[in-house]
Amino acid sequence: MNVGYVVLYVKDPEICRSFWIDQVGMVEKKRTTVGAFSIVQVGFADQSFGFELVPLEMMKDNPDGLALAAPSICFHVDDLAAAHARLVAHDVQVTAVSEHHGMQNFAFADPEGHWFAVTQ
């Protein structure tokens, strides 16, 4: 697993985007439209890691019960099914593999109940 990005749940994605780009020196790496919302990923140009700025308004129904006051970490894997099977085999609490915002993924929890996303 590689850390892909950290999700920051934000009130105003454009103000946060401007902060990270104009004041910190990052670049916009990706922009995804999900319904009426834009999700922007920012990071340093020479690094694969980034922050994904997700509007809090988009998460108002929060079907997964995520703690939106804290960042979420998303891991990337080459083989989603194999990563899921490995965690299950090691008695890790995992969700089923499902589609969320057009991406196949699942989540797993650490012993203290922090949840982490895994995508391919």
# chains A, B, ... in the order shown; residues from 1 in each chain; ligands from 1
>>> residues_around(residues="Ala83 of chain A", least_positions_apart="2", cutoff="12 Å", atoms="only C-alpha atoms", output="NGL selection string")
:A and (1-2 or 75-81 or 85-90 or 92 or 94 or 96-97 or 105-108 or 117-120)
>>> select_by_dssp(residues="segment 74-105 of chain A", states="strand (DSSP E)", output="ChimeraX atom specification")
/A:74-76,98-100,103-105
>>> atom_distance(atom1="atom CA of His100 of chain A", atom2="atom CA of Tyr5 of chain A")
16.1 Å
>>> closest_atom_pairs(of="segment 38-88 of chain A", to="segment 6-14 of chain A", cutoff="6 Å", atoms="only C-alpha atoms", output="JSON lines")
{"residue": "A:Phe51", "atom": "CA", "partner": "A:Val6", "partner_atom": "CA", "distance": 4.9}
{"residue": "A:Glu52", "atom": "CA", "partner": "A:Val7", "partner_atom": "CA", "distance": 4.6}
{"residue": "A:Leu53", "atom": "CA", "partner": "A:Leu8", "partner_atom": "CA", "distance": 5.1}
{"residue": "A:Val54", "atom": "CA", "partner": "A:Tyr9", "partner_atom": "CA", "distance": 4.9}
{"residue": "A:Pro55", "atom": "CA", "partner": "A:Val10", "partner_atom": "CA", "distance": 5.1}
{"residue": "A:Leu56", "atom": "CA", "partner": "A:Tyr9", "partner_atom": "CA", "distance": 5.4}
{"residue": "A:Pro71", "atom": "CA", "partner": "A:Leu8", "partner_atom": "CA", "distance": 5.0}
{"residue": "A:Ser72", "atom": "CA", "partner": "A:Val7", "partner_atom": "CA", "distance": 4.9}
{"residue": "A:Ile73", "atom": "CA", "partner": "A:Val6", "partner_atom": "CA", "distance": 4.5}
{"residue": "A:Cys74", "atom": "CA", "partner": "A:Val6", "partner_atom": "CA", "distance": 6.0}
>>> residues_around(residues="Trp20 of chain A", least_positions_apart="5", cutoff="8 Å", atoms="only C-alpha atoms", output="ChimeraX atom specification")
/A:25-27,42-43
>>> atom_distance(atom1="atom CA of Ser48 of chain A", atom2="atom CA of Gly4 of chain A")
7.3 Å
